[in-house]
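Data block for coords.cif (mmCIF, N, CA and C atoms and all ligand atoms):
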```
data_input
loop_
_atom_site.label_atom_id
_atom_site.label_comp_id
_atom_site.auth_asym_id
_atom_site.auth_seq_id
_atom_site.Cartn_x
_atom_site.Cartn_y
_atom_site.Cartn_z
N MET A 1 63.65 116.07 88.35
CA MET A 1 64.68 116.05 89.40
C MET A 1 65.07 114.61 89.71
N THR A 2 66.33 114.31 89.63
CA THR A 2 66.76 112.95 89.95
C THR A 2 67.57 112.97 91.24
N PHE A 3 67.51 111.87 91.92
CA PHE A 3 68.24 111.74 93.18
C PHE A 3 69.40 110.77 92.97
N PRO A 4 70.52 110.98 93.68
CA PRO A 4 71.63 110.02 93.54
C PRO A 4 71.21 108.64 94.06
N ALA A 5 71.73 107.63 93.43
CA ALA A 5 71.43 106.26 93.87
C ALA A 5 71.96 106.07 95.30
N PRO A 6 71.28 105.25 96.11
CA PRO A 6 71.76 105.01 97.48
C PRO A 6 73.21 104.58 97.51
N ALA A 7 73.62 103.79 96.52
CA ALA A 7 75.00 103.29 96.52
C ALA A 7 76.01 104.44 96.53
N LEU A 8 75.62 105.58 95.95
CA LEU A 8 76.54 106.71 95.90
C LEU A 8 76.65 107.40 97.25
N LEU A 9 75.62 107.28 98.06
CA LEU A 9 75.63 107.94 99.37
C LEU A 9 76.36 107.11 100.41
N VAL A 10 76.42 105.81 100.20
CA VAL A 10 76.99 104.93 101.21
C VAL A 10 78.42 105.33 101.59
N PRO A 11 79.30 105.63 100.64
CA PRO A 11 80.66 106.02 101.05
C PRO A 11 80.65 107.25 101.94
N LEU A 12 79.73 108.17 101.70
CA LEU A 12 79.65 109.36 102.55
C LEU A 12 79.27 108.96 103.97
N LEU A 13 78.29 108.07 104.07
CA LEU A 13 77.84 107.65 105.39
C LEU A 13 78.92 106.84 106.10
N LEU A 14 79.72 106.12 105.32
CA LEU A 14 80.79 105.32 105.93
C LEU A 14 81.86 106.22 106.53
N GLY A 15 81.88 107.47 106.14
CA GLY A 15 82.84 108.41 106.70
C GLY A 15 82.49 108.82 108.12
N ALA A 16 81.33 108.39 108.61
CA ALA A 16 80.91 108.71 109.98
C ALA A 16 81.90 108.10 110.97
N PRO A 17 82.04 108.67 112.17
CA PRO A 17 83.00 108.14 113.15
C PRO A 17 82.73 106.67 113.45
N ALA A 18 83.78 105.90 113.61
CA ALA A 18 83.63 104.46 113.82
C ALA A 18 83.04 104.18 115.19
N ASP A 19 82.21 103.16 115.24
CA ASP A 19 81.62 102.69 116.48
C ASP A 19 82.72 101.90 117.21
N PRO A 20 83.08 102.29 118.45
CA PRO A 20 84.21 101.63 119.13
C PRO A 20 83.99 100.14 119.34
N GLU A 21 82.73 99.74 119.54
CA GLU A 21 82.45 98.32 119.76
C GLU A 21 82.72 97.53 118.48
N LEU A 22 82.28 98.10 117.35
CA LEU A 22 82.50 97.45 116.06
C LEU A 22 84.00 97.38 115.75
N THR A 23 84.71 98.44 116.08
CA THR A 23 86.16 98.47 115.85
C THR A 23 86.85 97.37 116.66
N ALA A 24 86.41 97.18 117.90
CA ALA A 24 87.00 96.13 118.75
C ALA A 24 86.72 94.75 118.17
N LEU A 25 85.49 94.53 117.68
CA LEU A 25 85.15 93.24 117.08
C LEU A 25 85.98 93.00 115.81
N ARG A 26 86.17 94.06 115.06
CA ARG A 26 86.93 93.96 113.81
C ARG A 26 88.38 93.57 114.10
N GLU A 27 88.94 94.15 115.17
CA GLU A 27 90.32 93.83 115.56
C GLU A 27 90.44 92.38 116.03
N SER A 28 89.47 91.94 116.83
CA SER A 28 89.50 90.55 117.31
C SER A 28 89.40 89.59 116.13
N ALA A 29 88.53 89.93 115.18
CA ALA A 29 88.35 89.05 114.01
C ALA A 29 89.64 89.03 113.18
N ARG A 30 90.30 90.17 113.07
CA ARG A 30 91.54 90.22 112.30
C ARG A 30 92.58 89.29 112.94
N GLU A 31 92.67 89.34 114.27
CA GLU A 31 93.61 88.45 114.97
C GLU A 31 93.24 86.99 114.76
N ALA A 32 91.92 86.70 114.81
CA ALA A 32 91.46 85.32 114.68
C ALA A 32 91.76 84.76 113.29
N LEU A 33 91.73 85.63 112.27
CA LEU A 33 91.96 85.16 110.90
C LEU A 33 93.44 85.08 110.55
N ARG A 34 94.26 85.79 111.31
CA ARG A 34 95.68 85.91 110.94
C ARG A 34 96.37 84.57 110.74
N GLY A 35 96.16 83.67 111.69
CA GLY A 35 96.88 82.40 111.64
C GLY A 35 96.53 81.59 110.40
N THR A 36 95.24 81.31 110.23
CA THR A 36 94.81 80.40 109.16
C THR A 36 94.71 81.10 107.81
N CYS A 37 94.01 82.20 107.76
CA CYS A 37 93.70 82.87 106.49
C CYS A 37 94.83 83.83 106.10
N GLY A 38 95.58 84.29 107.13
CA GLY A 38 96.64 85.26 106.89
C GLY A 38 97.76 84.72 106.02
N ARG A 39 97.87 83.41 105.95
CA ARG A 39 98.89 82.81 105.08
C ARG A 39 98.78 83.41 103.67
N CYS A 40 97.56 83.61 103.18
CA CYS A 40 97.36 84.17 101.83
C CYS A 40 96.77 85.58 101.86
N HIS A 41 96.05 85.93 102.94
CA HIS A 41 95.33 87.20 103.00
C HIS A 41 96.02 88.25 103.88
N ASP A 42 97.31 88.06 104.17
CA ASP A 42 98.05 89.08 104.92
C ASP A 42 99.24 89.49 104.05
N GLY A 43 99.14 90.69 103.50
CA GLY A 43 100.14 91.18 102.56
C GLY A 43 101.54 91.30 103.15
N ALA A 44 101.65 91.21 104.50
CA ALA A 44 102.96 91.30 105.14
C ALA A 44 103.70 89.97 105.05
N ARG A 45 102.98 88.90 104.69
CA ARG A 45 103.63 87.57 104.68
C ARG A 45 104.09 87.18 103.29
N PRO A 46 105.24 86.50 103.22
CA PRO A 46 105.79 86.14 101.90
C PRO A 46 104.88 85.19 101.13
N THR A 47 104.01 84.46 101.85
CA THR A 47 103.12 83.49 101.21
C THR A 47 101.83 84.16 100.70
N ALA A 48 101.67 85.47 100.91
CA ALA A 48 100.44 86.16 100.49
C ALA A 48 100.22 85.99 98.99
N ARG A 49 98.94 85.85 98.61
CA ARG A 49 98.59 85.66 97.20
C ARG A 49 97.89 86.92 96.70
N PRO A 50 98.36 87.49 95.58
CA PRO A 50 97.74 88.73 95.07
C PRO A 50 96.22 88.63 94.92
N ALA A 51 95.73 87.50 94.40
CA ALA A 51 94.27 87.37 94.20
C ALA A 51 93.54 87.38 95.55
N ALA A 52 94.18 86.82 96.56
CA ALA A 52 93.58 86.80 97.89
C ALA A 52 93.57 88.22 98.49
N LEU A 53 94.65 88.96 98.27
CA LEU A 53 94.76 90.32 98.82
C LEU A 53 93.76 91.26 98.17
N ARG A 54 93.37 90.96 96.94
CA ARG A 54 92.36 91.80 96.28
C ARG A 54 91.02 91.66 96.99
N VAL A 55 90.78 90.53 97.61
CA VAL A 55 89.51 90.32 98.33
C VAL A 55 89.60 91.01 99.70
N PHE A 56 90.60 90.66 100.49
CA PHE A 56 90.89 91.40 101.73
C PHE A 56 92.34 91.17 102.12
N ASP A 57 92.89 92.20 102.77
CA ASP A 57 94.28 92.17 103.20
C ASP A 57 94.29 92.51 104.70
N LEU A 58 94.71 91.56 105.51
CA LEU A 58 94.66 91.75 106.97
C LEU A 58 95.64 92.82 107.46
N ARG A 59 96.46 93.35 106.57
CA ARG A 59 97.30 94.49 106.95
C ARG A 59 96.44 95.74 107.16
N ASN A 60 95.30 95.81 106.44
CA ASN A 60 94.45 97.00 106.54
C ASN A 60 93.61 96.95 107.81
N GLU A 61 93.60 98.07 108.51
CA GLU A 61 92.78 98.15 109.72
C GLU A 61 91.32 97.85 109.38
N ASP A 62 90.83 98.48 108.31
CA ASP A 62 89.44 98.29 107.89
C ASP A 62 89.39 97.20 106.82
N TRP A 63 89.91 96.02 107.18
CA TRP A 63 90.15 94.96 106.20
C TRP A 63 88.89 94.42 105.53
N LEU A 64 87.72 94.56 106.15
CA LEU A 64 86.49 94.01 105.56
C LEU A 64 85.82 95.00 104.61
N ALA A 65 86.34 96.23 104.54
CA ALA A 65 85.64 97.30 103.80
C ALA A 65 85.31 96.93 102.36
N GLY A 66 86.23 96.26 101.67
CA GLY A 66 85.98 95.96 100.26
C GLY A 66 85.28 94.63 100.03
N VAL A 67 84.94 93.93 101.10
CA VAL A 67 84.32 92.61 100.99
C VAL A 67 82.80 92.79 100.85
N THR A 68 82.24 92.24 99.79
CA THR A 68 80.79 92.39 99.57
C THR A 68 80.01 91.47 100.52
N ASP A 69 78.71 91.70 100.59
CA ASP A 69 77.86 90.86 101.45
C ASP A 69 77.93 89.39 101.02
N VAL A 70 77.94 89.17 99.71
CA VAL A 70 78.01 87.79 99.20
C VAL A 70 79.35 87.16 99.60
N GLN A 71 80.43 87.94 99.48
CA GLN A 71 81.74 87.40 99.87
C GLN A 71 81.81 87.12 101.37
N MET A 72 81.05 87.91 102.16
CA MET A 72 81.02 87.63 103.60
C MET A 72 80.44 86.24 103.85
N ASP A 73 79.42 85.87 103.05
CA ASP A 73 78.87 84.52 103.19
C ASP A 73 79.92 83.49 102.78
N HIS A 74 80.69 83.83 101.75
CA HIS A 74 81.73 82.89 101.29
C HIS A 74 82.83 82.74 102.33
N MET A 75 83.05 83.76 103.14
CA MET A 75 84.06 83.64 104.20
C MET A 75 83.70 82.48 105.11
N VAL A 76 82.41 82.44 105.45
CA VAL A 76 81.94 81.40 106.36
C VAL A 76 82.17 80.01 105.74
N ASP A 77 81.93 79.89 104.42
CA ASP A 77 82.18 78.61 103.74
C ASP A 77 83.65 78.22 103.86
N ARG A 78 84.51 79.23 103.77
CA ARG A 78 85.95 78.93 103.78
C ARG A 78 86.47 78.59 105.18
N PHE A 79 85.73 78.96 106.21
CA PHE A 79 86.14 78.55 107.57
C PHE A 79 86.27 77.04 107.59
N GLU A 80 85.30 76.41 106.93
CA GLU A 80 85.26 74.95 106.88
C GLU A 80 86.43 74.43 106.03
N ALA A 81 86.56 74.99 104.85
CA ALA A 81 87.57 74.53 103.90
C ALA A 81 88.98 74.61 104.49
N PHE A 82 89.24 75.69 105.27
CA PHE A 82 90.60 75.88 105.79
C PHE A 82 90.73 75.50 107.26
N HIS A 83 89.69 74.80 107.79
CA HIS A 83 89.73 74.30 109.17
C HIS A 83 90.05 75.40 110.18
N LEU A 84 89.33 76.50 110.08
CA LEU A 84 89.52 77.56 111.08
C LEU A 84 89.03 77.02 112.43
N PRO A 85 89.84 77.17 113.50
CA PRO A 85 89.41 76.65 114.81
C PRO A 85 88.06 77.24 115.23
N GLU A 86 87.28 76.42 115.93
CA GLU A 86 85.91 76.77 116.33
C GLU A 86 85.85 78.13 117.06
N ARG A 87 86.79 78.36 117.96
CA ARG A 87 86.79 79.59 118.74
C ARG A 87 86.96 80.80 117.82
N ASP A 88 87.85 80.67 116.84
CA ASP A 88 88.08 81.77 115.89
C ASP A 88 86.86 81.99 115.00
N ARG A 89 86.16 80.90 114.65
CA ARG A 89 84.94 81.05 113.84
C ARG A 89 83.92 81.89 114.58
N ARG A 90 83.81 81.66 115.90
CA ARG A 90 82.83 82.43 116.68
C ARG A 90 83.23 83.90 116.74
N THR A 91 84.52 84.16 116.91
CA THR A 91 85.01 85.54 116.97
C THR A 91 84.72 86.27 115.66
N VAL A 92 85.06 85.61 114.56
CA VAL A 92 84.84 86.26 113.25
C VAL A 92 83.33 86.38 112.99
N GLY A 93 82.58 85.32 113.38
CA GLY A 93 81.13 85.34 113.17
C GLY A 93 80.47 86.52 113.89
N SER A 94 80.92 86.83 115.11
CA SER A 94 80.34 87.97 115.85
C SER A 94 80.59 89.26 115.09
N TYR A 95 81.78 89.38 114.55
CA TYR A 95 82.09 90.60 113.80
C TYR A 95 81.25 90.68 112.51
N LEU A 96 81.15 89.55 111.80
CA LEU A 96 80.37 89.57 110.55
C LEU A 96 78.91 89.93 110.84
N ASP A 97 78.36 89.41 111.93
CA ASP A 97 76.96 89.74 112.29
C ASP A 97 76.82 91.24 112.55
N ALA A 98 77.78 91.79 113.31
CA ALA A 98 77.73 93.21 113.65
C ALA A 98 77.89 94.05 112.38
N GLU A 99 78.75 93.61 111.50
CA GLU A 99 79.00 94.36 110.26
C GLU A 99 77.76 94.28 109.33
N ARG A 100 77.12 93.13 109.30
CA ARG A 100 75.89 93.01 108.49
C ARG A 100 74.83 93.97 109.00
N ALA A 101 74.72 94.05 110.33
CA ALA A 101 73.72 94.95 110.94
C ALA A 101 74.07 96.40 110.60
N ARG A 102 75.36 96.72 110.68
CA ARG A 102 75.78 98.10 110.37
C ARG A 102 75.48 98.43 108.91
N ARG A 103 75.78 97.47 108.01
CA ARG A 103 75.52 97.73 106.59
C ARG A 103 74.03 97.91 106.33
N ALA A 104 73.21 97.09 107.00
CA ALA A 104 71.76 97.20 106.81
C ALA A 104 71.28 98.57 107.28
N ALA A 105 71.79 99.02 108.43
CA ALA A 105 71.39 100.31 108.98
C ALA A 105 71.85 101.44 108.06
N THR A 106 73.07 101.30 107.51
CA THR A 106 73.60 102.33 106.61
C THR A 106 72.77 102.40 105.34
N ALA A 107 72.39 101.23 104.81
CA ALA A 107 71.58 101.20 103.59
C ALA A 107 70.22 101.83 103.85
N ALA A 108 69.64 101.55 105.03
CA ALA A 108 68.33 102.12 105.36
C ALA A 108 68.43 103.64 105.47
N ALA A 109 69.53 104.12 106.08
CA ALA A 109 69.72 105.57 106.22
C ALA A 109 69.88 106.20 104.84
N ALA A 110 70.62 105.52 103.96
CA ALA A 110 70.84 106.05 102.62
C ALA A 110 69.52 106.10 101.86
N ALA A 111 68.71 105.03 102.01
CA ALA A 111 67.44 104.99 101.30
C ALA A 111 66.52 106.10 101.77
N SER A 112 66.50 106.38 103.07
CA SER A 112 65.60 107.43 103.54
C SER A 112 66.13 108.81 103.17
N ALA A 113 67.46 108.92 103.01
CA ALA A 113 68.02 110.20 102.58
C ALA A 113 67.65 110.47 101.12
N VAL A 114 67.54 109.38 100.34
CA VAL A 114 67.24 109.51 98.92
C VAL A 114 65.76 109.76 98.69
N ALA A 115 64.93 109.04 99.46
CA ALA A 115 63.48 109.15 99.26
C ALA A 115 62.82 109.57 100.58
N PRO A 116 62.91 110.85 100.93
CA PRO A 116 62.33 111.28 102.20
C PRO A 116 60.81 111.10 102.21
N GLU A 117 60.29 110.89 103.39
CA GLU A 117 58.83 110.79 103.54
C GLU A 117 58.23 112.13 103.16
N ARG A 118 57.09 112.06 102.52
CA ARG A 118 56.42 113.33 102.22
C ARG A 118 55.17 113.45 103.06
C1 LIG A 201 96.17 79.10 100.41
C2 LIG A 201 95.80 80.51 100.27
C3 LIG A 201 94.52 80.96 100.94
C4 LIG A 201 94.10 80.77 102.24
C5 LIG A 201 94.82 80.02 103.35
C6 LIG A 201 92.82 81.43 102.35
N1 LIG A 201 92.48 82.03 101.16
FE1 LIG A 201 90.82 83.11 100.78
N2 LIG A 201 91.38 83.32 98.86
C7 LIG A 201 92.58 82.91 98.32
C8 LIG A 201 92.65 83.30 96.92
C9 LIG A 201 93.82 83.02 95.99
C10 LIG A 201 91.44 83.96 96.63
C11 LIG A 201 90.99 84.58 95.31
C12 LIG A 201 90.52 83.52 94.36
C13 LIG A 201 89.33 82.79 94.92
O1 LIG A 201 88.25 83.40 95.05
O2 LIG A 201 89.49 81.63 95.29
C14 LIG A 201 90.65 83.95 97.87
C15 LIG A 201 89.40 84.48 97.98
C16 LIG A 201 88.68 84.52 99.15
C17 LIG A 201 87.35 85.07 99.27
C18 LIG A 201 86.50 85.68 98.14
C19 LIG A 201 85.51 84.67 97.62
C20 LIG A 201 84.51 85.33 96.69
O3 LIG A 201 83.35 85.15 96.92
O4 LIG A 201 84.91 86.04 95.77
C21 LIG A 201 87.00 84.97 100.57
C22 LIG A 201 85.71 85.46 101.18
C23 LIG A 201 88.09 84.32 101.25
N3 LIG A 201 89.09 84.05 100.36
C24 LIG A 201 88.09 84.03 102.60
C25 LIG A 201 89.07 83.28 103.22
C26 LIG A 201 89.03 82.93 104.63
C27 LIG A 201 87.93 83.32 105.60
C28 LIG A 201 90.13 82.17 104.87
C29 LIG A 201 90.52 81.49 106.15
C30 LIG A 201 89.52 80.63 106.76
C31 LIG A 201 90.87 82.10 103.63
N4 LIG A 201 90.20 82.78 102.66
C32 LIG A 201 92.07 81.44 103.50
C33 LIG A 201 93.57 82.22 98.98
C34 LIG A 201 93.49 81.78 100.29
#
```

Output the file's structure as structure tokens, nothing else.
Ligand code: HEC
Amino acid sequence: MTFPAPALLVPLLLGAPADPELTALRESAREALRGTCGRCHDGARPTARPAALRVFDLRNEDWLAGVTDVQMDHMVDRFEAFHLPERDRRTVGSYLDAERARRAATAAAAASAVAPER
């Protein structure tokens, strides 16, 4: 008997109703990124770059969904490179922390669903 890999269960778990607090943080972060990063990462703008939109597109409500954990770390590096204002860094940082916690909890739930205690 084989069990599905945790990675296969994660999309199912992501279908759970959104946490309103996380949604609010995600919206604030989207606003904070619009000015500086939106030049290339907002598909509504003429300056948007296709390669940038493949990573994330601020037009999407759930704009961080396709961003991997490693890329989330790279976001922080780019705050520096693109001179994101300090206040906006804190706003986005709060969301990234909350999202990391949510992903960790989702992964733990998936792991226990795959390998139940006996
Ligand atoms: C001048 C255009 C431009 C701006 C402004 C810009 N980006 Fe990007 N970004 C890109 C392009 C193009 C790519 C895809 C190629 C690459 O990885 O560099 C990308 C890729 C990325 C990636 C993926 C890196 C990886 O690990 O694969 C992240 C994360 C990212 N950008 C975050 C940001 C953040 C955060 C800001 C604002 C602080 C920002 N970008 C501003 C053009 C931009």

For this session: Pull the helix (DSSP H, G or I) assignments for segment 20-103 of chain A out of DSSP run on the backbone, and list those residues as JSON, numbers by chain.
Result: {"A": [20, 21, 22, 23, 24, 25, 26, 27, 28, 29, 30, 31, 32, 33, 34, 38, 39, 40, 41, 50, 51, 52, 53, 54, 55, 69, 70, 71, 72, 73, 74, 75, 76, 77, 78, 79, 80, 81, 86, 87, 88, 89, 90, 91, 92, 93, 94, 95, 96, 97, 98, 99, 100, 101, 102, 103]}

Exercise. Using all atoms listed in the file, which protein or nucleic acid residues are at most 5 Å from ligand LIG 201 (chain A), as a ChimeraX atom specification?
Worked result: /A:36-37,40,51-52,71,74-75,78-79,82

Grab all the atoms of segment 82-94 of chain A that the file lists, wrap them in a box along x, y and z, add 6 Å per side, and give me centre plus edge lengths in Å (one decimal) as AutoDock Vina command-line options.
```
--center_x 85.5 --center_y 81.8 --center_z 112.0 --size_x 22.4 --size_y 27.0 --size_z 25.5
```

For this session: Find the residue from A:Val114, A:Ala32, A:Val67, A:Ala101 that sits nearest to Arg54 of chain A; use all atoms listed in the file when measuring.
Result: A:Val67

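When atom N of Glu99 of chain A is paired with atom C of Gly38 of chain A, their separation reads 21.7 Å.
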
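Among the candidates A:Val92, A:Leu58, A:Ala104, A:Ala48, the residue lying nearest to Ala29 of chain A is A:Val92 (atoms considered: all atoms listed in the file).
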
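The two atoms in question, atom CA of Met72 of chain A and atom N of Asp57 of chain A, are spaced 12.7 Å apart.
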
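Between atom CA of Ala98 of chain A and atom CA of Leu22 of chain A the separation is 6.8 Å.
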